[in-house]
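What's in work_34.txt: compact mmCIF, C-alpha atoms
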```
# COMPACT_ATOMS: atom_id res chain seq x y z
CA MET A 84 -10.74 8.15 17.25
CA PRO A 85 -10.43 6.88 20.87
CA PRO A 86 -11.03 3.19 21.50
CA HIS A 87 -14.67 2.30 22.02
CA PRO A 88 -15.56 0.26 25.16
CA ALA A 89 -18.33 -1.51 23.25
CA LEU A 90 -15.57 -3.08 21.19
CA VAL A 91 -14.77 -5.53 24.01
CA PRO A 92 -17.44 -8.15 23.14
CA ALA A 93 -16.46 -7.93 19.47
CA LEU A 94 -12.78 -8.40 20.38
CA LEU A 95 -13.63 -11.42 22.53
CA ARG A 96 -15.32 -13.08 19.54
CA ILE A 97 -12.25 -12.42 17.39
CA GLY A 98 -9.72 -13.46 20.03
CA ASP A 99 -11.63 -16.50 21.32
CA ASP A 100 -11.99 -17.93 17.80
CA ARG A 101 -8.21 -17.91 17.43
CA LEU A 102 -7.45 -19.07 20.96
CA VAL A 103 -9.78 -22.07 20.83
CA LEU A 104 -8.94 -23.05 17.25
CA GLY A 105 -5.26 -22.56 18.02
CA HIS A 106 -5.44 -24.87 21.03
CA ARG A 107 -7.36 -27.48 19.04
CA THR A 108 -4.71 -27.32 16.34
CA SER A 109 -1.90 -27.68 18.88
CA GLU A 110 -3.39 -31.10 19.76
CA TRP A 111 -1.77 -32.36 16.55
CA CYS A 112 1.70 -31.71 17.95
CA GLY A 113 3.50 -35.05 17.71
CA HIS A 114 0.49 -36.75 16.06
CA ALA A 115 0.39 -35.46 12.49
CA PRO A 116 0.75 -37.99 9.66
CA ILE A 117 4.26 -36.83 8.77
CA LEU A 118 6.94 -34.62 10.32
CA GLU A 119 6.57 -31.78 7.83
CA GLU A 120 2.81 -31.60 8.42
CA ASP A 121 3.34 -31.73 12.17
CA VAL A 122 5.56 -28.66 11.87
CA ALA A 123 3.06 -26.92 9.57
CA LEU A 124 0.10 -27.49 11.90
CA VAL A 125 1.99 -26.41 14.99
CA ASN A 126 3.15 -23.26 13.17
CA ILE A 127 -0.47 -22.50 12.39
CA ALA A 128 -1.46 -23.17 16.01
CA LEU A 129 1.23 -20.76 17.20
CA ASP A 130 0.12 -18.11 14.72
CA LEU A 131 -3.46 -18.39 15.96
CA ILE A 132 -2.52 -18.28 19.63
CA GLY A 133 -0.29 -15.29 18.88
CA GLN A 134 -3.23 -13.51 17.23
CA ALA A 135 -5.42 -14.33 20.24
CA ASN A 136 -2.74 -12.99 22.55
CA LEU A 137 -2.74 -9.58 20.85
CA VAL A 138 -6.52 -9.32 20.50
CA LEU A 139 -7.28 -10.41 24.08
CA GLN A 140 -4.59 -8.06 25.40
CA HIS A 141 -6.33 -5.22 23.60
CA ALA A 142 -9.74 -6.39 24.90
CA GLY A 143 -8.41 -6.48 28.46
CA ALA A 144 -6.96 -2.98 28.16
CA LEU A 145 -10.24 -1.58 26.78
CA GLU A 146 -12.27 -3.37 29.42
CA GLY A 147 -10.23 -1.55 32.04
CA THR A 148 -10.83 -3.89 34.98
CA GLY A 149 -7.26 -5.16 35.16
CA ARG A 150 -7.73 -8.41 33.27
CA ASP A 151 -4.87 -9.13 30.90
CA GLN A 152 -4.79 -11.69 28.10
CA ASP A 153 -3.78 -14.48 30.48
CA ALA A 154 -6.70 -13.73 32.80
CA LEU A 155 -9.06 -13.79 29.84
CA ALA A 156 -7.63 -17.02 28.44
CA PHE A 157 -7.20 -19.02 31.61
CA PHE A 158 -9.70 -17.68 34.15
CA ARG A 159 -12.94 -17.50 32.22
CA GLU A 160 -15.51 -20.31 32.20
CA ALA A 161 -16.87 -21.90 29.04
CA VAL A 162 -20.05 -19.78 29.18
CA GLU A 163 -17.90 -16.64 29.02
CA PHE A 164 -16.16 -17.68 25.80
CA ARG A 165 -17.47 -16.15 22.58
CA ASN A 166 -15.82 -18.33 19.93
CA ALA A 167 -17.89 -19.84 17.12
CA LEU A 168 -18.83 -23.48 17.75
CA LEU A 169 -16.84 -24.45 14.64
CA CYS A 170 -13.60 -23.68 16.47
CA GLU A 171 -14.21 -25.85 19.52
CA LEU A 172 -15.26 -29.14 17.88
CA PRO A 173 -12.79 -31.99 18.48
CA LYS A 174 -9.91 -32.07 16.04
CA GLY A 175 -11.23 -35.24 14.38
CA ASP A 176 -9.16 -36.86 11.66
CA PHE A 177 -6.79 -34.97 9.35
CA GLY A 178 -9.68 -34.31 6.94
CA VAL A 179 -11.79 -32.62 9.64
CA THR A 180 -8.83 -30.54 10.78
CA ILE A 181 -8.04 -29.38 7.24
CA VAL A 182 -11.63 -28.63 6.22
CA ARG A 183 -12.23 -26.68 9.43
CA HIS A 184 -9.05 -24.67 8.82
CA PHE A 185 -10.14 -24.08 5.27
CA PHE A 186 -13.55 -22.74 6.31
CA HIS A 187 -12.17 -20.61 9.12
CA SER A 188 -9.04 -19.28 7.45
CA LEU A 189 -10.98 -18.01 4.41
CA PHE A 190 -13.30 -16.23 6.85
CA SER A 191 -10.27 -14.94 8.77
CA VAL A 192 -8.65 -13.44 5.68
CA LEU A 193 -11.82 -11.50 4.89
CA GLN A 194 -12.31 -10.46 8.51
CA TRP A 195 -8.68 -9.29 8.97
CA GLU A 196 -8.81 -7.42 5.64
CA ALA A 197 -11.81 -5.48 6.90
CA LEU A 198 -10.33 -5.00 10.37
CA SER A 199 -7.05 -3.70 8.94
CA ARG A 200 -9.10 -0.61 7.97
CA SER A 201 -10.60 -0.26 11.46
CA ALA A 202 -10.81 3.18 13.00
CA ASP A 203 -9.23 1.61 16.09
CA THR A 204 -5.59 1.86 15.05
CA THR A 205 -4.39 -0.80 17.52
CA LEU A 206 -6.87 -3.28 16.12
CA ALA A 207 -5.98 -2.25 12.56
CA GLY A 208 -2.30 -2.93 13.31
CA ILE A 209 -3.03 -6.37 14.76
CA ALA A 210 -5.19 -7.16 11.74
CA ALA A 211 -2.51 -6.14 9.25
CA LYS A 212 -0.04 -8.52 10.89
CA ALA A 213 -2.54 -11.36 11.27
CA LEU A 214 -3.75 -11.02 7.70
CA LYS A 215 -0.43 -12.25 6.30
CA GLU A 216 -0.55 -15.29 8.57
CA SER A 217 -4.15 -16.11 7.72
CA ARG A 218 -3.45 -15.83 3.99
CA TYR A 219 -0.83 -18.52 4.47
CA HIS A 220 -3.24 -20.66 6.50
CA ALA A 221 -5.82 -20.37 3.71
CA ARG A 222 -3.22 -21.40 1.13
CA HIS A 223 -2.12 -24.36 3.24
CA SER A 224 -5.61 -25.66 3.96
CA GLY A 225 -6.99 -24.85 0.49
CA GLY A 226 -4.22 -26.85 -1.15
CA TRP A 227 -4.94 -29.76 1.13
CA VAL A 228 -8.69 -29.68 0.49
CA ILE A 229 -8.00 -30.10 -3.24
CA ARG A 230 -5.34 -32.76 -2.63
CA LEU A 231 -7.62 -34.79 -0.33
CA GLY A 232 -10.84 -34.28 -2.28
CA ASP A 233 -9.26 -35.06 -5.62
CA GLY A 234 -6.97 -37.74 -4.17
CA THR A 235 -7.68 -41.36 -3.31
CA ASP A 236 -11.10 -42.90 -2.67
CA GLU A 237 -10.46 -42.83 1.05
CA SER A 238 -9.18 -39.25 1.15
CA HIS A 239 -12.16 -38.11 -0.94
CA ARG A 240 -14.60 -39.92 1.34
CA ARG A 241 -13.07 -38.46 4.48
CA ALA A 242 -12.88 -34.95 3.05
CA GLN A 243 -16.53 -35.10 1.98
CA GLU A 244 -17.54 -36.41 5.41
CA ALA A 245 -15.69 -33.50 6.99
CA VAL A 246 -17.42 -30.97 4.74
CA ASP A 247 -20.81 -32.56 5.54
CA ALA A 248 -20.11 -32.62 9.28
CA LEU A 249 -18.83 -29.05 9.53
CA TRP A 250 -20.99 -27.19 7.05
CA SER A 251 -23.81 -26.39 9.47
CA TYR A 252 -21.27 -24.74 11.78
CA THR A 253 -20.13 -22.21 9.16
CA GLY A 254 -23.24 -19.99 9.31
CA GLU A 255 -22.40 -18.73 12.78
CA LEU A 256 -19.27 -17.02 11.47
CA PHE A 257 -21.46 -14.59 9.53
CA MET A 258 -24.09 -13.84 12.19
CA GLN A 259 -23.81 -10.16 13.05
CA PRO A 260 -25.01 -9.15 16.56
CA ALA A 261 -28.01 -6.84 16.26
CA ASN A 262 -26.73 -4.45 18.93
CA GLU A 263 -23.44 -3.55 17.25
CA ALA A 264 -24.65 -1.28 14.49
CA ASP A 265 -22.84 1.64 16.10
CA LEU A 266 -19.51 -0.21 15.92
CA VAL A 267 -20.04 -0.78 12.22
CA SER A 268 -21.12 2.78 11.48
CA ALA A 269 -18.13 4.11 13.45
CA GLY A 270 -15.85 2.08 11.19
CA LEU A 271 -14.51 0.00 14.10
CA THR A 272 -15.61 -3.47 13.01
CA PRO A 273 -17.13 -4.84 9.80
CA ASP A 274 -20.62 -6.30 9.62
CA VAL A 275 -19.53 -9.94 9.29
CA SER A 276 -22.70 -10.84 7.36
CA THR A 277 -21.32 -8.79 4.45
CA LEU A 278 -18.31 -11.11 4.21
CA GLU A 279 -20.35 -14.21 3.38
CA PRO A 280 -20.77 -13.82 -0.42
CA ALA A 281 -17.01 -13.53 -0.99
CA TRP A 282 -16.36 -16.45 1.38
CA ARG A 283 -18.95 -18.62 -0.33
CA ALA A 284 -17.56 -17.88 -3.79
CA GLN A 285 -14.06 -18.96 -2.71
CA VAL A 286 -15.35 -22.07 -0.93
CA ASP A 287 -17.40 -23.10 -3.97
CA ASP A 288 -14.41 -22.65 -6.26
CA VAL A 289 -12.07 -24.79 -4.16
CA LEU A 290 -14.64 -27.50 -3.40
CA ARG A 291 -15.43 -27.77 -7.12
CA ARG A 292 -11.73 -28.22 -7.92
CA ALA A 293 -11.57 -30.78 -5.11
CA THR A 294 -14.54 -32.68 -6.60
CA LEU A 295 -16.39 -32.17 -3.31
CA ARG A 296 -20.00 -31.07 -3.06
CA VAL A 297 -21.59 -28.47 -0.86
CA PRO A 298 -24.20 -30.08 1.41
CA GLU A 299 -27.78 -28.91 1.18
CA VAL A 300 -28.18 -27.76 4.75
CA VAL A 301 -30.58 -25.01 5.64
CA TRP A 302 -30.33 -25.09 9.42
CA MET A 303 -27.19 -23.51 10.79
CA GLN A 304 -25.87 -24.21 14.29
CA ARG A 305 -25.39 -21.28 16.60
CA GLY A 306 -24.75 -20.47 20.24
CA GLY A 307 -21.03 -19.93 20.70
CA ARG A 308 -21.26 -16.18 20.20
CA ASP A 309 -23.71 -16.08 23.14
CA GLY A 310 -21.72 -18.43 25.38
CA ARG A 311 -23.90 -21.50 24.65
CA HIS A 312 -21.27 -24.05 23.73
CA THR A 313 -21.04 -27.71 22.86
CA GLU A 314 -19.97 -30.17 25.53
CA HIS A 315 -16.51 -30.22 23.95
CA LEU A 316 -15.40 -26.74 24.99
CA GLY A 317 -15.47 -27.41 28.74
CA HIS A 318 -13.24 -30.46 28.38
CA MET A 319 -10.83 -28.54 26.17
CA LEU A 320 -10.66 -25.61 28.58
CA ALA A 321 -10.06 -27.95 31.53
CA GLU A 322 -6.89 -29.13 29.84
CA MET A 323 -5.89 -25.71 28.54
CA GLN A 324 -6.44 -23.90 31.84
CA ILE A 325 -5.33 -26.38 34.48
CA VAL A 326 -1.70 -25.32 34.76
CA ALA A 327 -2.50 -21.61 35.02
CA ARG A 328 -5.23 -22.32 37.60
CA SER A 329 -3.11 -24.71 39.65
CA HIS A 330 -0.28 -22.16 39.89
CA PRO A 331 -1.93 -18.74 39.67
CA GLY A 332 0.57 -15.97 39.01
CA ALA A 333 3.35 -18.39 38.21
CA GLN A 334 6.13 -17.06 35.98
CA TRP A 335 8.32 -19.10 33.67
CA MET B 71 14.25 -53.26 2.11
CA THR B 72 10.99 -52.07 3.58
CA GLN B 73 9.95 -48.50 2.95
CA SER B 74 8.28 -46.19 5.42
CA PRO B 75 4.78 -44.98 4.43
CA ALA B 76 6.23 -41.57 3.59
CA GLU B 77 8.83 -43.07 1.27
CA ARG B 78 6.14 -45.10 -0.48
CA SER B 79 3.83 -42.21 -1.19
CA TRP B 80 5.46 -38.80 -0.77
CA PRO B 81 8.51 -37.93 -2.88
CA LEU B 82 11.54 -36.16 -1.47
CA TRP B 83 12.38 -32.56 -2.45
CA GLU B 84 15.63 -30.67 -1.95
CA VAL B 85 15.24 -27.18 -0.54
CA PHE B 86 17.38 -24.18 -1.46
CA THR B 87 17.07 -20.91 0.42
CA GLN B 88 18.20 -17.44 -0.55
CA SER B 89 19.06 -15.44 2.56
CA LYS B 90 18.74 -12.05 0.87
CA GLU B 91 18.20 -10.62 -2.54
CA GLY B 92 21.25 -11.04 -4.79
CA GLU B 93 22.72 -13.85 -2.70
CA PRO B 94 23.03 -17.33 -4.20
CA HIS B 95 20.50 -19.99 -3.23
CA GLN B 96 22.06 -22.49 -0.87
CA HIS B 97 21.05 -26.01 -0.02
CA ALA B 98 19.16 -26.05 3.28
CA GLY B 99 17.91 -29.63 3.50
CA SER B 100 15.03 -31.70 2.23
CA VAL B 101 11.31 -32.27 2.80
CA HIS B 102 8.70 -34.84 1.85
CA ALA B 103 5.75 -33.49 -0.11
CA THR B 104 3.04 -34.60 -2.52
CA ASP B 105 3.58 -31.91 -5.15
CA ALA B 106 5.61 -28.77 -5.86
CA GLU B 107 3.26 -26.33 -4.10
CA HIS B 108 3.14 -28.62 -1.07
CA ALA B 109 6.94 -28.90 -1.10
CA LEU B 110 7.21 -25.11 -1.16
CA GLN B 111 4.89 -24.84 1.85
CA ASN B 112 6.72 -27.54 3.79
CA ALA B 113 10.04 -25.90 2.98
CA ARG B 114 8.69 -22.60 4.24
CA ASP B 115 7.53 -24.20 7.48
CA VAL B 116 10.68 -26.20 8.12
CA TYR B 117 13.46 -23.94 6.80
CA ALA B 118 12.19 -20.38 6.48
CA ARG B 119 10.05 -19.32 9.39
CA ARG B 120 12.70 -17.43 11.34
CA ASN B 121 13.75 -14.93 8.70
CA GLU B 122 16.19 -17.33 7.09
CA ALA B 123 15.05 -16.67 3.55
CA VAL B 124 13.54 -14.25 1.07
CA ASN B 125 13.16 -16.85 -1.66
CA LEU B 126 12.88 -20.63 -1.89
CA TRP B 127 13.58 -23.24 -4.52
CA VAL B 128 12.34 -26.81 -4.27
CA VAL B 129 13.67 -29.46 -6.60
CA PRO B 130 12.59 -33.11 -6.84
CA SER B 131 15.50 -35.05 -5.35
CA VAL B 132 15.27 -37.65 -8.13
CA VAL B 133 16.29 -35.15 -10.82
CA ILE B 134 19.58 -34.33 -9.12
CA THR B 135 22.60 -36.12 -10.56
CA ALA B 136 25.41 -36.28 -8.03
CA SER B 137 29.02 -37.35 -8.24
CA THR B 138 29.88 -40.45 -6.21
CA PRO B 139 32.57 -41.02 -3.58
CA GLU B 140 34.48 -43.00 -6.22
CA ASP B 141 34.62 -39.84 -8.34
CA VAL B 142 36.70 -38.02 -5.73
CA GLY B 143 40.05 -38.98 -7.28
CA PRO B 144 39.44 -38.36 -10.97
CA PHE B 145 37.21 -35.34 -10.40
CA PHE B 146 39.03 -33.39 -7.74
CA ASP B 147 42.64 -34.56 -7.28
CA PRO B 148 44.04 -32.87 -10.40
CA ALA B 149 43.39 -29.50 -8.79
CA ASN B 150 45.67 -30.27 -5.83
CA ASP B 151 49.05 -30.32 -7.60
CA LYS B 152 48.55 -27.29 -9.79
CA ALA B 153 49.21 -24.52 -7.35
CA TYR B 154 49.49 -21.97 -10.15
CA ARG B 155 45.73 -22.24 -10.57
CA HIS B 156 45.26 -20.50 -7.24
CA PRO B 157 45.68 -16.77 -6.85
CA GLN B 158 47.82 -17.35 -3.75
CA PHE B 159 50.52 -18.79 -6.05
CA TYR B 160 51.41 -15.37 -7.38
CA LYS B 161 53.43 -12.87 -5.39
CA VAL B 162 52.05 -9.39 -5.34
CA PRO B 163 54.59 -6.77 -6.48
CA LYS B 164 55.67 -4.46 -3.68
CA GLY B 165 54.41 -1.38 -5.46
CA VAL B 166 50.83 -2.61 -5.42
CA LYS B 167 48.96 -1.14 -2.46
CA VAL B 168 45.39 -1.21 -3.59
CA PHE B 169 43.64 -4.21 -5.03
```
If you convert what's in this file into structure tokens, what do you get?
Amino acid sequence: MPPHPALVPALLRIGDDRLVLGHRTSEWCGHAPILEEDVALVNIALDLIGQANLVLQHAGALEGTGRDQDALAFFREAVEFRNALLCELPKGDFGVTIVRHFFHSLFSVLQWEALSRSADTTLAGIAAKALKESRYHARHSGGWVIRLGDGTDESHRRAQEAVDALWSYTGELFMQPANEADLVSAGLTPDVSTLEPAWRAQVDDVLRRATLRVPEVVWMQRGGRDGRHTEHLGHMLAEMQIVARSHPGAQW
Amino acid sequence: MTQSPAERSWPLWEVFTQSKEGEPHQHAGSVHATDAEHALQNARDVYARRNEAVNLWVVPSVVITASTPEDVGPFFDPANDKAYRHPQFYKVPKGVKVF
């Protein structure tokens, strides 16, 4: 099946999640609590940015207007980004970073699993590669959620605060755009709302083992998928984009 | 002696990597970690992310018993003056072409 131009918005959501979360994670470089964890977090950041690189490259090629992955990453404004709000929130303390990775990497594993069966063979290939990385990210963050939740009084308190603060941002991951039914029926992308039960079952299992509770939140934040972002994204992009914008076309 | 926060709370683990199947595991270095699974992950991130290994062992450093520098004489010297223990001591007969 030939690539479908309507895939571009879907690819931007996938790529922007990884680009923004990857950049946020890279902010730990040199600041993690211990050398080994510094290395682990930066590895994860590099994995995510590598995934974004491949997905945005594919999006640029399908779009067909000459924008490559660098143009998409460094020369779009905040309102043009399609990442979930969860990915752009400040990195917070180690608990926030870990809980966010936990929520997003479990989603990522399910999303890449589904995308590895995409009718778009390029996307399926990217997904198969990324799936292995995301499985490791889920293992890393899941282990830490249990260690922090079932650890000291302070680590438990901070982990629970992170779960409480981030929970209302998880719903957006599973909001399926109404106008993409044809992508789903063509077997190009999964309906992300179908991934939620499996995600929730895994989250519940790990949080229970971590002695953490799921907050009773009904209202879920949304907006990132439509380009309505928090104030934090613009500041992050300013830092991420300044070198590329100050020296357009520079090679190194 | 004052201890760093890591030394107070996170034990040290020795890391052994196997470069390919069938090869022996070799000592690669050490990592700090809270538990065995964590040590395995840290070892993966520090010592095995550029195709260096197909398998990892992590061992709590405290369970390793090592010989000391003072052991060098009694442990290892006796081997030095017994050249007949080494294969190089024996001359290969001229007729032998293939080993």
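Near chain A, within 10 Å and using only C-alpha atoms, the residues of chain B are B:Pro75, B:Ala76, B:Trp80, B:Val101, B:His102, B:Ala103, B:Thr104, B:Asp105, B:Glu107, B:His108, B:Ala109, B:Gln111, B:Asn112, B:Ala113, B:Arg114, B:Asp115, B:Val116, B:Arg119.
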Same residues, C-alpha atoms, output as a PDB file, keeping the file's coordinate frame:
```pdb
ATOM      1  CA  PRO B  75       4.780 -44.980   4.430  1.00  0.00           C
ATOM      2  CA  ALA B  76       6.230 -41.570   3.590  1.00  0.00           C
ATOM      3  CA  TRP B  80       5.460 -38.800  -0.770  1.00  0.00           C
ATOM      4  CA  VAL B 101      11.310 -32.270   2.800  1.00  0.00           C
ATOM      5  CA  HIS B 102       8.700 -34.840   1.850  1.00  0.00           C
ATOM      6  CA  ALA B 103       5.750 -33.490  -0.110  1.00  0.00           C
ATOM      7  CA  THR B 104       3.040 -34.600  -2.520  1.00  0.00           C
ATOM      8  CA  ASP B 105       3.580 -31.910  -5.150  1.00  0.00           C
ATOM      9  CA  GLU B 107       3.260 -26.330  -4.100  1.00  0.00           C
ATOM     10  CA  HIS B 108       3.140 -28.620  -1.070  1.00  0.00           C
ATOM     11  CA  ALA B 109       6.940 -28.900  -1.100  1.00  0.00           C
ATOM     12  CA  GLN B 111       4.890 -24.840   1.850  1.00  0.00           C
ATOM     13  CA  ASN B 112       6.720 -27.540   3.790  1.00  0.00           C
ATOM     14  CA  ALA B 113      10.040 -25.900   2.980  1.00  0.00           C
ATOM     15  CA  ARG B 114       8.690 -22.600   4.240  1.00  0.00           C
ATOM     16  CA  ASP B 115       7.530 -24.200   7.480  1.00  0.00           C
ATOM     17  CA  VAL B 116      10.680 -26.200   8.120  1.00  0.00           C
ATOM     18  CA  ARG B 119      10.050 -19.320   9.390  1.00  0.00           C
TER      19      ARG B 119
END
```
Q) If we count all atoms listed in the file, what is near stretch 148-158 of chain A at a cut-off of 10 Å, once residues fewer than 5 positions away on the same chain are taken out, given as a list in words? A) Leu95, Gly98, Asp99, Leu102, Val103, Ala135, Asn136, Leu137, Val138, Leu139, Gln140, His141, Ala142, Gly143, Glu163, Phe164, Leu320, Ala321, Met323, Gln324, Ile325, Val326, Ala327, Arg328, Pro331 and Gly332 of chain A
Q. Which residue, A:Met319, A:Thr272, A:Tyr252, A:Lys215, has the smallest gap to A:Thr108 when you use all atoms listed in the file?
A. A:Met319
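We find atom CA of B:Val132 and atom CA of A:Asp233 to be spaced 24.8 Å apart.
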(Q) Around the point (-3.5, -8.5, 8.5) (coordinates from the file), which residues reach within 10 Å if we count all atoms listed in the file? Answer as a ChimeraX atom specification. (A) /A:191-200,206-218
**Q.** Shell around B:Val129 at 7 Å using all atoms listed in the file, local window under 3 positions removed, as an NGL selection string
**A.** :B and (83-85)
Q) So how far away is atom CA of A:Gly133 from atom CA of A:Leu168, in Å? A) 20.3 Å
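As for atom CA of A:Ser224 and atom CA of A:Phe185, they are spaced 5.0 Å apart.
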Q: Write out as a list in words which residues come within 6 Å of A:Asp203 when counting all atoms listed in the file, dropping same-chain ones fewer than 2 positions away.
A: Pro86, Ser201, Thr205, Leu206 and Leu271 of chain A
Output as lines of an AutoDock Vina configuration file the centre and edge lengths (Å, one decimal) of the box along x, y and z of the file that holds every listed atom of stretch 93-111 of chain A after adding 4 Å on each side.
```
center_x = -9.1
center_y = -20.1
center_z = 19.4
size_x = 22.7
size_y = 32.4
size_z = 14.2
```
